[in-house]
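To start, the structure under review is shown below, and the notes come after it.
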Amino acid sequence: GQSLEQPSEVTAVEGAIVQINCTYQTSGFYGLSWYQQHDGGAPTFLSYNALDGLEETGRFSSFLSRSDSYGYLLLQELQMKDSASYFCAVRAVYSGSARQLTFGSGTQLTVLP
Amino acid sequence: KAGVTQTPRYLIKTRGQQVTLSCSPISGHRSVSWYQQTPGQGLQFLFEYFSETQRNKGNFPGRFSGRQFSNSRSEMNVSTLELGDSALYLCASKPGQTSYEQYFGPGTRLTVT
């Protein structure tokens, strides 16, 4: 089977930097995605890492280490609007299936003024 | 370009009834996936359709089924509703089956009483 672990809650202040970690166990690994979801909203895509290393998109960066089955999402210059749930998701192939996305349970980020 | 649309947005049903939810993907997107989101279980994959064929299925009972039409619109059906089926049902589309970025709709909030 597959499993993902990420912290359930993280709190930080405006302007700070926060890192949300994600560890996974799966076979047939293709890549790690990150999604953001505001309360009452739809998840929106943030980033995807298929290879080891850091991907940067504005204030957000995502890192992957395939050998450690580990990734993280880094949010810099935090803003109040960043308060949301953040999900890591593993893209993998399981026996008899095509590539499938399995989500972690989500990290609720609260940004304080 | 219009986003993913889902109808209805809210639904209240009684145990034992059945329900059909609809999803219209972004124009040009041929892959549609369905997810169930609950506070306790998070985002769980239901199934994926591509070119009118089910390509992937999650670990849900046979009461959950779906289909995709030639215009890529998709429907999911839940028969013999149970209280535990109360959830937010999210549809996501992407251009092709191997695409990694999914675009989510606003979801259908189903309440079973």
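In the structure tokens, chains take the letters A, B, ... in the order shown, each chain's residues start at 1, and ligands count up from 1 in the order shown.
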Selection near Ser105 of chain A, 8 Å with only C-alpha atoms, sequence-local residues under 4 positions removed, as a CSV table (one decimal) with N, CA and C atoms, in the first residue's frame:
```
chain,number,residue,atom,x,y,z
A,4,LEU,N,1.2,8.5,3.3
A,4,LEU,CA,1.9,9.8,3.4
A,4,LEU,C,1.7,10.4,4.8
A,5,GLU,N,2.7,11.1,5.3
A,5,GLU,CA,2.6,11.7,6.6
A,5,GLU,C,3.1,13.2,6.4
A,6,GLN,N,2.2,14.0,7.0
A,6,GLN,CA,2.5,15.5,7.1
A,6,GLN,C,1.9,16.0,8.4
A,8,SER,N,-0.2,17.9,11.1
A,8,SER,CA,-1.6,18.3,10.9
A,8,SER,C,-1.8,19.8,11.0
A,87,PHE,N,-1.8,20.2,1.0
A,87,PHE,CA,-1.8,18.7,0.9
A,87,PHE,C,-0.6,18.3,0.0
B,41,GLN,N,-11.1,11.4,6.8
B,41,GLN,CA,-10.4,10.6,5.9
B,41,GLN,C,-9.6,11.4,4.9
B,42,GLY,N,-9.8,12.7,4.8
B,42,GLY,CA,-9.1,13.6,3.9
B,42,GLY,C,-9.6,13.4,2.5
B,43,LEU,N,-8.7,13.6,1.5
B,43,LEU,CA,-9.1,13.4,0.1
B,43,LEU,C,-8.8,12.0,-0.4
```
Apply DSSP to the backbone of this structure and, from segment 12-107 of chain B, keep only the residues in strand (DSSP E or B); write these as an MDAnalysis selection string. chainID B and resid 12:13 19:24 31:38 42:50 53:57 64:68 74:78 87:94 103:104
Env of Gly62 of chain B: 12 Å cut, atoms = only C-alpha atoms, seq-sep filter 2 positions within chain, self excluded. Answer as a list of chain:residue names. B:Leu46, B:Phe47, B:Lys57, B:Gly58, B:Asn59, B:Phe60, B:Phe64, B:Ser65, B:Gly66, B:Met76, B:Asn77, B:Val78, B:Ser79, B:Thr80, B:Leu81
Show me, as a PDB file with N, CA and C atoms, in the first residue's frame, the residues of chain A whose atoms get within 12 Å of chain B, using only C-alpha atoms for the distance check.
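Okay, this is what ended up in selection.pdb:
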```pdb
ATOM      1  N   GLY A   1       0.816  -1.192   0.000  1.00  0.00           N
ATOM      2  CA  GLY A   1       0.000   0.000   0.000  1.00  0.00           C
ATOM      3  C   GLY A   1       0.851   1.244   0.000  1.00  0.00           C
ATOM      4  N   LEU A   4       1.240   8.519   3.335  1.00  0.00           N
ATOM      5  CA  LEU A   4       1.895   9.827   3.377  1.00  0.00           C
ATOM      6  C   LEU A   4       1.706  10.397   4.764  1.00  0.00           C
ATOM      7  N   SER A   8      -0.230  17.931  11.060  1.00  0.00           N
ATOM      8  CA  SER A   8      -1.632  18.319  10.948  1.00  0.00           C
ATOM      9  C   SER A   8      -1.807  19.842  11.030  1.00  0.00           C
ATOM     10  N   TYR A  30       6.217   8.251  -9.058  1.00  0.00           N
ATOM     11  CA  TYR A  30       6.501   9.114 -10.201  1.00  0.00           C
ATOM     12  C   TYR A  30       6.870  10.519  -9.761  1.00  0.00           C
ATOM     13  N   GLY A  31       6.148  11.049  -8.777  1.00  0.00           N
ATOM     14  CA  GLY A  31       6.428  12.413  -8.360  1.00  0.00           C
ATOM     15  C   GLY A  31       5.570  12.838  -7.188  1.00  0.00           C
ATOM     16  N   LEU A  32       5.914  14.013  -6.655  1.00  0.00           N
ATOM     17  CA  LEU A  32       5.222  14.557  -5.486  1.00  0.00           C
ATOM     18  C   LEU A  32       4.634  15.914  -5.847  1.00  0.00           C
ATOM     19  N   SER A  33       3.348  16.061  -5.580  1.00  0.00           N
ATOM     20  CA  SER A  33       2.655  17.328  -5.845  1.00  0.00           C
ATOM     21  C   SER A  33       2.259  17.984  -4.543  1.00  0.00           C
ATOM     22  N   TRP A  34       2.006  19.296  -4.623  1.00  0.00           N
ATOM     23  CA  TRP A  34       1.472  20.057  -3.499  1.00  0.00           C
ATOM     24  C   TRP A  34       0.244  20.840  -3.977  1.00  0.00           C
ATOM     25  N   TYR A  35      -0.789  20.821  -3.129  1.00  0.00           N
ATOM     26  CA  TYR A  35      -2.025  21.538  -3.422  1.00  0.00           C
ATOM     27  C   TYR A  35      -2.380  22.395  -2.207  1.00  0.00           C
ATOM     28  N   GLN A  36      -3.002  23.524  -2.492  1.00  0.00           N
ATOM     29  CA  GLN A  36      -3.489  24.436  -1.450  1.00  0.00           C
ATOM     30  C   GLN A  36      -5.009  24.445  -1.486  1.00  0.00           C
ATOM     31  N   GLN A  37      -5.621  24.440  -0.317  1.00  0.00           N
ATOM     32  CA  GLN A  37      -7.077  24.514  -0.259  1.00  0.00           C
ATOM     33  C   GLN A  37      -7.506  25.462   0.854  1.00  0.00           C
ATOM     34  N   HIS A  38      -8.185  26.538   0.459  1.00  0.00           N
ATOM     35  CA  HIS A  38      -8.779  27.446   1.444  1.00  0.00           C
ATOM     36  C   HIS A  38     -10.104  26.874   1.899  1.00  0.00           C
ATOM     37  N   ASP A  39     -10.512  27.261   3.105  1.00  0.00           N
ATOM     38  CA  ASP A  39     -11.779  26.792   3.658  1.00  0.00           C
ATOM     39  C   ASP A  39     -12.913  27.039   2.673  1.00  0.00           C
ATOM     40  N   GLY A  40     -13.652  25.975   2.367  1.00  0.00           N
ATOM     41  CA  GLY A  40     -14.800  26.104   1.474  1.00  0.00           C
ATOM     42  C   GLY A  40     -14.422  26.188   0.004  1.00  0.00           C
ATOM     43  N   GLY A  41     -13.131  26.089  -0.296  1.00  0.00           N
ATOM     44  CA  GLY A  41     -12.696  26.207  -1.681  1.00  0.00           C
ATOM     45  C   GLY A  41     -12.212  24.910  -2.269  1.00  0.00           C
ATOM     46  N   ALA A  42     -11.850  24.960  -3.531  1.00  0.00           N
ATOM     47  CA  ALA A  42     -11.322  23.787  -4.225  1.00  0.00           C
ATOM     48  C   ALA A  42      -9.807  23.739  -4.070  1.00  0.00           C
ATOM     49  N   PRO A  43      -9.226  22.550  -4.035  1.00  0.00           N
ATOM     50  CA  PRO A  43      -7.764  22.472  -4.031  1.00  0.00           C
ATOM     51  C   PRO A  43      -7.193  23.084  -5.307  1.00  0.00           C
ATOM     52  N   THR A  44      -6.092  23.805  -5.158  1.00  0.00           N
ATOM     53  CA  THR A  44      -5.429  24.364  -6.330  1.00  0.00           C
ATOM     54  C   THR A  44      -3.983  23.888  -6.357  1.00  0.00           C
ATOM     55  N   PHE A  45      -3.499  23.602  -7.546  1.00  0.00           N
ATOM     56  CA  PHE A  45      -2.165  23.055  -7.749  1.00  0.00           C
ATOM     57  C   PHE A  45      -1.111  24.103  -7.426  1.00  0.00           C
ATOM     58  N   LEU A  46      -0.063  23.699  -6.671  1.00  0.00           N
ATOM     59  CA  LEU A  46       1.045  24.592  -6.364  1.00  0.00           C
ATOM     60  C   LEU A  46       2.327  24.178  -7.075  1.00  0.00           C
ATOM     61  N   SER A  47       2.668  22.886  -6.990  1.00  0.00           N
ATOM     62  CA  SER A  47       3.953  22.475  -7.553  1.00  0.00           C
ATOM     63  C   SER A  47       3.993  20.970  -7.742  1.00  0.00           C
ATOM     64  N   TYR A  48       4.983  20.547  -8.535  1.00  0.00           N
ATOM     65  CA  TYR A  48       5.192  19.119  -8.793  1.00  0.00           C
ATOM     66  C   TYR A  48       6.694  18.880  -8.912  1.00  0.00           C
ATOM     67  N   ASN A  49       7.172  17.863  -8.194  1.00  0.00           N
ATOM     68  CA  ASN A  49       8.581  17.459  -8.292  1.00  0.00           C
ATOM     69  C   ASN A  49       8.646  16.003  -8.723  1.00  0.00           C
ATOM     70  N   ALA A  50       9.316  15.771  -9.842  1.00  0.00           N
ATOM     71  CA  ALA A  50       9.546  14.401 -10.279  1.00  0.00           C
ATOM     72  C   ALA A  50      10.993  13.987 -10.011  1.00  0.00           C
ATOM     73  N   SER A  85      -5.195  24.972   4.024  1.00  0.00           N
ATOM     74  CA  SER A  85      -4.688  23.607   4.172  1.00  0.00           C
ATOM     75  C   SER A  85      -3.782  23.296   2.990  1.00  0.00           C
ATOM     76  N   TYR A  86      -2.696  22.617   3.269  1.00  0.00           N
ATOM     77  CA  TYR A  86      -1.736  22.251   2.238  1.00  0.00           C
ATOM     78  C   TYR A  86      -1.611  20.729   2.211  1.00  0.00           C
ATOM     79  N   PHE A  87      -1.785  20.171   1.025  1.00  0.00           N
ATOM     80  CA  PHE A  87      -1.757  18.719   0.858  1.00  0.00           C
ATOM     81  C   PHE A  87      -0.570  18.318  -0.004  1.00  0.00           C
ATOM     82  N   CYS A  88       0.186  17.320   0.465  1.00  0.00           N
ATOM     83  CA  CYS A  88       1.127  16.688  -0.439  1.00  0.00           C
ATOM     84  C   CYS A  88       0.400  15.501  -1.063  1.00  0.00           C
ATOM     85  N   ALA A  89       0.816  15.138  -2.267  1.00  0.00           N
ATOM     86  CA  ALA A  89       0.145  14.061  -2.983  1.00  0.00           C
ATOM     87  C   ALA A  89       1.184  13.314  -3.805  1.00  0.00           C
ATOM     88  N   VAL A  90       1.168  12.015  -3.674  1.00  0.00           N
ATOM     89  CA  VAL A  90       2.098  11.175  -4.412  1.00  0.00           C
ATOM     90  C   VAL A  90       1.451  10.689  -5.699  1.00  0.00           C
ATOM     91  N   ARG A  91       2.192  10.837  -6.780  1.00  0.00           N
ATOM     92  CA  ARG A  91       1.744  10.312  -8.079  1.00  0.00           C
ATOM     93  C   ARG A  91       2.508   9.008  -8.303  1.00  0.00           C
ATOM     94  N   ALA A  92       1.765   7.920  -8.392  1.00  0.00           N
ATOM     95  CA  ALA A  92       2.419   6.619  -8.462  1.00  0.00           C
ATOM     96  C   ALA A  92       1.593   5.657  -9.289  1.00  0.00           C
ATOM     97  N   VAL A  93       2.233   4.579  -9.669  1.00  0.00           N
ATOM     98  CA  VAL A  93       1.558   3.513 -10.396  1.00  0.00           C
ATOM     99  C   VAL A  93       1.469   2.313  -9.470  1.00  0.00           C
ATOM    100  N   TYR A  94       0.269   1.813  -9.283  1.00  0.00           N
ATOM    101  CA  TYR A  94       0.068   0.634  -8.456  1.00  0.00           C
ATOM    102  C   TYR A  94      -0.281  -0.528  -9.365  1.00  0.00           C
ATOM    103  N   SER A  95      -0.202  -1.718  -8.862  1.00  0.00           N
ATOM    104  CA  SER A  95      -0.375  -2.899  -9.695  1.00  0.00           C
ATOM    105  C   SER A  95      -1.690  -2.828 -10.458  1.00  0.00           C
ATOM    106  N   GLY A  96      -1.584  -2.968 -11.760  1.00  0.00           N
ATOM    107  CA  GLY A  96      -2.771  -2.996 -12.597  1.00  0.00           C
ATOM    108  C   GLY A  96      -3.429  -1.659 -12.805  1.00  0.00           C
ATOM    109  N   SER A  97      -2.787  -0.580 -12.373  1.00  0.00           N
ATOM    110  CA  SER A  97      -3.442   0.724 -12.505  1.00  0.00           C
ATOM    111  C   SER A  97      -2.584   1.683 -13.316  1.00  0.00           C
ATOM    112  N   ALA A  98      -3.184   2.750 -13.744  1.00  0.00           N
ATOM    113  CA  ALA A  98      -2.432   3.843 -14.355  1.00  0.00           C
ATOM    114  C   ALA A  98      -1.963   4.767 -13.232  1.00  0.00           C
ATOM    115  N   ARG A  99      -1.266   5.823 -13.596  1.00  0.00           N
ATOM    116  CA  ARG A  99      -0.754   6.748 -12.566  1.00  0.00           C
ATOM    117  C   ARG A  99      -1.906   7.347 -11.786  1.00  0.00           C
ATOM    118  N   GLN A 100      -1.750   7.338 -10.482  1.00  0.00           N
ATOM    119  CA  GLN A 100      -2.827   7.733  -9.588  1.00  0.00           C
ATOM    120  C   GLN A 100      -2.281   8.682  -8.544  1.00  0.00           C
ATOM    121  N   LEU A 101      -3.111   9.624  -8.118  1.00  0.00           N
ATOM    122  CA  LEU A 101      -2.712  10.616  -7.119  1.00  0.00           C
ATOM    123  C   LEU A 101      -3.292  10.211  -5.763  1.00  0.00           C
ATOM    124  N   THR A 102      -2.422  10.062  -4.772  1.00  0.00           N
ATOM    125  CA  THR A 102      -2.844   9.756  -3.409  1.00  0.00           C
ATOM    126  C   THR A 102      -2.454  10.927  -2.524  1.00  0.00           C
ATOM    127  N   PHE A 103      -3.429  11.485  -1.807  1.00  0.00           N
ATOM    128  CA  PHE A 103      -3.215  12.683  -1.002  1.00  0.00           C
ATOM    129  C   PHE A 103      -2.875  12.361   0.442  1.00  0.00           C
ATOM    130  N   GLY A 104      -2.041  13.217   1.047  1.00  0.00           N
ATOM    131  CA  GLY A 104      -1.844  13.186   2.478  1.00  0.00           C
ATOM    132  C   GLY A 104      -3.050  13.784   3.166  1.00  0.00           C
ATOM    133  N   SER A 105      -3.043  13.767   4.475  1.00  0.00           N
ATOM    134  CA  SER A 105      -4.204  14.218   5.239  1.00  0.00           C
ATOM    135  C   SER A 105      -4.268  15.738   5.374  1.00  0.00           C
ATOM    136  N   GLY A 106      -3.231  16.422   4.933  1.00  0.00           N
ATOM    137  CA  GLY A 106      -3.273  17.877   4.922  1.00  0.00           C
ATOM    138  C   GLY A 106      -2.675  18.527   6.145  1.00  0.00           C
ATOM    139  N   THR A 107      -2.091  19.708   5.956  1.00  0.00           N
ATOM    140  CA  THR A 107      -1.526  20.521   7.034  1.00  0.00           C
ATOM    141  C   THR A 107      -2.265  21.850   7.058  1.00  0.00           C
TER     142      THR A 107
END
```
Mind giving me the straight-line distance from atom CA of Pro8 of chain B to atom CA of Glu52 of chain B in Å, one decimal? 21.7 Å
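Put simply, atom CA of Val13 of chain A is 28.5 Å away from atom CA of Gln37 of chain B.
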